[in-house]
>>> print(open('entry-v4.csv').read())   # CSV, C-alpha atoms
chain,number,residue,atom,x,y,z
A,706,MET,CA,-11.8,10.8,21.0
A,707,LYS,CA,-11.8,13.3,18.1
A,708,ASP,CA,-8.1,14.0,18.6
A,709,VAL,CA,-7.3,10.3,18.5
A,710,VAL,CA,-9.1,9.9,15.1
A,711,ALA,CA,-7.4,13.1,13.9
A,712,HIS,CA,-4.0,11.6,14.9
A,713,LEU,CA,-4.8,8.3,13.0
A,714,CYS,CA,-6.0,10.4,10.0
A,715,THR,CA,-2.6,12.2,10.1
A,716,ASP,CA,-0.9,8.8,10.1
A,717,GLU,CA,-2.8,7.8,7.0
A,718,VAL,CA,-1.7,11.0,5.2
A,719,TYR,CA,1.9,9.8,5.9
A,720,ASN,CA,1.0,6.3,4.7
A,721,GLN,CA,-0.5,7.7,1.5
A,722,ALA,CA,2.6,9.8,0.9
A,723,CYS,CA,4.7,6.6,1.3
A,724,LEU,CA,2.7,4.9,-1.3
A,725,ASP,CA,2.6,7.9,-3.7
A,726,HIS,CA,6.4,8.6,-3.3
A,727,THR,CA,5.5,12.1,-2.1
A,728,LEU,CA,7.0,12.1,1.4
A,729,ASP,CA,9.1,15.1,0.4
A,730,LEU,CA,5.9,17.1,-0.3
A,731,LEU,CA,4.5,16.7,3.2
A,732,PRO,CA,4.6,19.9,5.2
A,733,SER,CA,7.6,19.7,7.5
A,734,ALA,CA,7.0,20.3,11.2
A,735,SER,CA,9.5,21.0,13.9
A,736,GLY,CA,9.7,18.1,16.3
A,737,GLY,CA,9.9,15.3,13.6
A,738,LEU,CA,7.0,12.8,13.6
A,739,THR,CA,5.7,14.1,17.0
A,740,GLY,CA,5.5,17.6,15.5
A,741,TRP,CA,3.9,16.3,12.3
A,742,ASN,CA,1.2,14.5,14.3
A,743,ALA,CA,0.6,17.5,16.6
A,744,ARG,CA,0.1,19.7,13.5
A,745,GLY,CA,-2.3,17.1,12.0
A,746,VAL,CA,-4.4,17.0,15.1
A,747,ARG,CA,-4.4,20.8,15.4
A,748,VAL,CA,-5.6,21.3,11.8
A,749,ARG,CA,-8.4,18.8,12.3
A,750,ARG,CA,-9.7,20.3,15.6
A,751,ALA,CA,-11.6,23.0,13.5
A,752,MET,CA,-13.4,20.3,11.5
A,753,PRO,CA,-16.7,18.7,12.5
A,754,PRO,CA,-16.1,15.2,14.2
A,755,LEU,CA,-18.0,13.4,11.4
A,756,GLU,CA,-15.8,15.0,8.8
A,757,VAL,CA,-12.6,13.9,10.6
A,758,LEU,CA,-14.0,10.3,10.9
A,759,GLN,CA,-15.0,10.2,7.2
A,760,GLU,CA,-11.6,11.5,6.1
A,761,TRP,CA,-9.8,8.9,8.3
A,762,GLU,CA,-12.1,6.1,6.9
A,763,ALA,CA,-11.5,7.1,3.3
A,764,ARG,CA,-7.7,7.4,3.7
A,765,GLN,CA,-7.5,4.2,5.7
A,766,GLU,CA,-9.4,2.3,3.0
A,767,ARG,CA,-7.2,3.6,0.2
A,768,VAL,CA,-4.0,2.7,2.1
A,769,ARG,CA,-5.3,-0.8,3.0
A,770,ARG,CA,-6.3,-1.6,-0.6
A,771,ALA,CA,-3.0,-0.4,-1.9
A,772,TRP,CA,-1.0,-2.4,0.7
A,773,GLY,CA,-3.1,-5.4,-0.1
A,774,ALA,CA,-2.4,-5.1,-3.8
A,775,LEU,CA,1.4,-4.8,-3.1
A,776,GLY,CA,1.4,-7.9,-0.8
A,777,PHE,CA,3.2,-8.2,2.6
A,778,GLU,CA,6.5,-9.2,1.0
A,779,ALA,CA,6.7,-5.7,-0.7
A,780,ARG,CA,9.0,-2.9,0.5
A,781,ILE,CA,7.6,0.6,0.7
A,782,GLU,CA,9.1,4.0,0.9
A,783,THR,CA,9.2,5.5,4.4
A,784,SER,CA,10.9,8.3,6.2
A,785,VAL,CA,13.7,5.9,7.1
A,786,GLY,CA,14.0,4.6,3.6
A,787,PRO,CA,12.7,1.4,2.0
A,788,TYR,CA,11.0,-0.7,4.6
A,789,PRO,CA,9.3,-4.1,4.7
A,790,LEU,CA,5.5,-3.7,4.4
A,791,ARG,CA,4.9,-6.6,6.7
A,792,VAL,CA,6.8,-4.8,9.5
A,793,GLU,CA,5.1,-1.5,8.7
A,794,VAL,CA,1.8,-3.1,9.2
A,795,TRP,CA,2.9,-4.4,12.6
A,796,HIS,CA,3.9,-0.9,13.6
A,797,LEU,CA,0.5,0.4,12.6
A,798,ALA,CA,-1.2,-2.4,14.5
A,799,ARG,CA,0.8,-1.4,17.6
A,800,GLU,CA,-0.2,2.2,17.1
A,801,TYR,CA,-3.9,1.3,16.8
A,802,ALA,CA,-3.7,-0.9,19.9
A,803,ILE,CA,-2.1,2.0,21.9
A,804,HIS,CA,-4.9,4.3,20.9
A,805,ALA,CA,-7.6,1.6,21.5
A,806,ASP,CA,-6.2,1.7,25.1
A,807,ASP,CA,-6.4,5.5,25.1
A,808,ILE,CA,-10.1,5.4,24.4
A,809,GLU,CA,-10.8,2.2,26.4
A,810,VAL,CA,-12.1,0.1,23.5
A,811,ARG,CA,-14.0,-2.8,25.1
A,812,MET,CA,-13.0,-6.4,24.5
A,813,THR,CA,-13.4,-9.7,26.2
A,814,ALA,CA,-10.7,-10.9,28.7
A,815,ARG,CA,-9.6,-13.5,26.1
A,816,GLU,CA,-9.3,-10.9,23.3
A,817,ARG,CA,-7.4,-8.6,25.6
A,818,GLN,CA,-4.9,-11.3,26.7
A,819,ALA,CA,-4.3,-12.3,23.1
A,820,GLN,CA,-3.8,-8.6,22.2
A,821,LEU,CA,-1.4,-8.1,25.1
A,822,ARG,CA,0.6,-11.1,24.2
A,823,TRP,CA,1.3,-10.0,20.6
A,824,ARG,CA,1.9,-6.4,21.8
A,825,VAL,CA,4.6,-7.6,24.2
A,826,ALA,CA,6.3,-9.6,21.5
A,827,PHE,CA,6.2,-6.9,18.9
A,828,GLY,CA,7.1,-4.2,21.5
A,829,LEU,CA,10.3,-6.0,22.2
A,830,PHE,CA,11.1,-6.3,18.5
A,831,ALA,CA,10.3,-2.6,17.9
A,832,ALA,CA,12.4,-1.5,20.8
A,833,HIS,CA,15.3,-3.4,19.4
A,834,GLU,CA,14.7,-2.1,15.9
A,835,GLU,CA,14.4,1.5,17.2
A,836,GLY,CA,17.8,1.2,18.9
A,837,GLU,CA,16.4,0.9,22.4
A,838,PRO,CA,16.6,-2.8,23.2
A,839,VAL,CA,14.9,-3.9,26.4
A,840,ASP,CA,16.5,-6.6,28.6
A,841,ALA,CA,13.4,-8.7,29.3
A,842,GLU,CA,12.2,-12.3,29.2
A,843,VAL,CA,8.6,-13.1,28.4
A,844,GLU,CA,7.2,-15.8,30.7
A,845,ARG,CA,3.8,-17.4,30.7
A,846,ASP,CA,1.7,-14.4,31.7
A,847,HIS,CA,4.2,-11.8,32.7
A,848,VAL,CA,7.6,-10.3,31.8
A,849,GLN,CA,10.8,-10.3,33.8
A,850,LEU,CA,12.4,-6.9,33.1
A,851,ARG,CA,16.0,-6.3,34.0
A,852,TYR,CA,16.8,-2.6,34.5
A,853,ARG,CA,19.8,-1.0,36.1
A,854,GLY,CA,20.8,-4.2,37.9
A,855,ARG,CA,17.4,-5.0,39.3
A,856,ARG,CA,14.6,-7.4,38.2
A,857,TYR,CA,11.0,-6.4,37.9
A,858,ASP,CA,8.1,-8.8,37.5
A,859,LEU,CA,5.6,-7.0,35.3
A,860,ASP,CA,2.2,-8.2,34.1
A,861,PHE,CA,1.7,-7.7,30.3
A,862,GLU,CA,-0.4,-4.6,30.8
A,863,THR,CA,2.3,-2.9,32.9
A,864,PHE,CA,5.1,-3.9,30.6
A,865,ILE,CA,3.3,-2.5,27.6
A,866,ALA,CA,2.7,0.8,29.4
A,867,TYR,CA,6.5,0.7,30.1
A,868,LEU,CA,7.3,0.1,26.5
A,869,THR,CA,5.0,2.8,25.2
A,870,ASN,CA,5.8,5.3,27.9
A,871,ARG,CA,2.1,5.5,28.9
A,872,PRO,CA,1.9,4.9,32.7
A,873,GLN,CA,-1.3,6.9,32.7
A,874,GLN,CA,-3.1,4.0,31.0
A,875,LEU,CA,-2.7,1.9,34.0
A,876,LYS,CA,-5.6,1.9,36.5
A,877,ASP,CA,-3.3,0.6,39.2
A,878,ARG,CA,-1.6,3.5,41.1
A,879,ALA,CA,1.3,1.3,42.2
A,880,GLY,CA,1.9,0.3,38.6
A,881,ARG,CA,2.0,3.9,37.5
A,882,GLN,CA,4.4,4.8,40.3
A,883,LEU,CA,6.7,1.8,39.4
A,884,LEU,CA,6.8,2.9,35.8
A,885,ARG,CA,7.7,6.5,36.8
A,886,GLN,CA,10.5,5.0,39.0
A,887,LEU,CA,11.7,3.2,35.8
A,888,GLY,CA,11.8,6.5,34.0
A,889,ALA,CA,8.4,6.7,32.3
A,890,THR,CA,7.5,10.3,31.7
A,891,GLY,CA,4.0,9.9,30.1
>>> encode(input="entry-v4.csv", output="structure tokens")
Amino acid sequence: MKDVVAHLCTDEVYNQACLDHTLDLLPSASGGLTGWNARGVRVRRAMPPLEVLQEWEARQERVRRAWGALGFEARIETSVGPYPLRVEVWHLAREYAIHADDIEVRMTARERQAQLRWRVAFGLFAAHEEGEPVDAEVERDHVQLRYRGRRYDLDFETFIAYLTNRPQQLKDRAGRQLLRQLGATG
């Protein structure tokens, strides 16, 4: 759990640099954002858990207040250039939801279904935006995925694990195997 909070804290360092126009001052890490995050987690492993949590809370509060003052129609500096804040917030929400799954945050079945529904919708948008569009149709409570000439009927949970390359989050062994057949490496 400490590594997840350390990772989220590292994300907030990046968000602060976007706000402060200091992205170029961040320590570079080999491996791009993945390397940057790994470095941030590694640095915080030596810190007491409470200190990591407090750092994350303080950074997160500062970023949320600043974003709130800018308003969702604003554009912010990012590593890919000026970017709509509204979409950046969605990316962050997706990140938080992924890590909520990692640490198995409890929620009611209704809350979980609502979360899965917006994650599917945003995941499709993000995949397209990141240049990796997914050929899929969202139906009532599942997704029809078309991949290499075949159709796969996936529940929302499995489809999100597919989109995020996290088959290990599935409790269903058959679902994990299917995702690995579809190329998941997580």
>>> atom_distance(input="entry-v4.csv", atom1="CA of Val768 in chain A", atom2="CA of Thr727 in chain A")
14.0 Å
>>> closest_residue(input="entry-v4.csv", among="A:Val748, A:Leu790, A:Ile865, A:Ala805", to="Leu829 in chain A", atoms="all atoms listed in the file")
A:Ile865
>>> closest_residue(input="entry-v4.csv", among="A:Pro838, A:Pro732, A:Gly888, A:Gly828", to="Phe861 in chain A", atoms="all atoms listed in the file")
A:Gly828
>>> closest_atom_pairs(input="entry-v4.csv", of="range 805-882 of chain A", to="range 792-797 of chain A", cutoff="12 Å", atoms="only C-alpha atoms", output="CSV")
residue,atom,partner,partner_atom,distance
A:Trp823,CA,A:Trp795,CA,9.9
A:Arg824,CA,A:Trp795,CA,9.5
A:Ala826,CA,A:Trp795,CA,10.9
A:Phe827,CA,A:Trp795,CA,7.5
A:Gly828,CA,A:His796,CA,9.1
A:Leu829,CA,A:His796,CA,11.9
A:Phe830,CA,A:Val792,CA,10.1
A:Ala831,CA,A:His796,CA,7.9
A:Ala832,CA,A:His796,CA,11.2
A:Glu834,CA,A:Val792,CA,10.5
A:Glu835,CA,A:His796,CA,11.4
>>> atom_distance(input="entry-v4.csv", atom1="CA of Leu755 in chain A", atom2="CA of Arg799 in chain A")
24.7 Å
>>> residues_around(input="entry-v4.csv", residues="Phe777 in chain A", least_positions_apart="5", cutoff="8 Å", atoms="all atoms listed in the file", output="ChimeraX atom specification")
/A:772,789-791
>>> closest_residue(input="entry-v4.csv", among="A:Asp708, A:Asp877, A:Glu842, A:Glu862", to="Asp806 in chain A", atoms="all atoms listed in the file")
A:Glu862
>>> residues_around(input="entry-v4.csv", residues="range 710-719 of chain A", least_positions_apart="4", cutoff="9 Å", atoms="all atoms listed in the file", output="list in words")
Met706, Cys723, Leu724, Leu728, Leu731, Trp741, Asn742, Ala743, Arg744, Gly745, Val746, Arg747, Val748, Arg749, Arg750, Pro754, Val757, Leu758, Glu760, Trp761, Glu762, Arg764, Gln765, Val768, Thr783, Leu797, Glu800, Tyr801 and His804 of chain A
>>> atom_distance(input="entry-v4.csv", atom1="CA of Glu837 in chain A", atom2="CA of Arg851 in chain A")
13.7 Å
>>> closest_residue(input="entry-v4.csv", among="A:Asp860, A:Glu766, A:Glu809, A:Asp846", to="Val709 in chain A", atoms="only C-alpha atoms")
A:Glu809
>>> residues_around(input="entry-v4.csv", residues="Ala841 in chain A", least_positions_apart="2", cutoff="6 Å", atoms="all atoms listed in the file", output="list in words")
Val839, Gln849, Leu850 and Arg851 of chain A
>>> closest_residue(input="entry-v4.csv", among="A:Thr739, A:Pro753, A:Ser784, A:Arg853", to="Asn720 in chain A", atoms="all atoms listed in the file")
A:Ser784
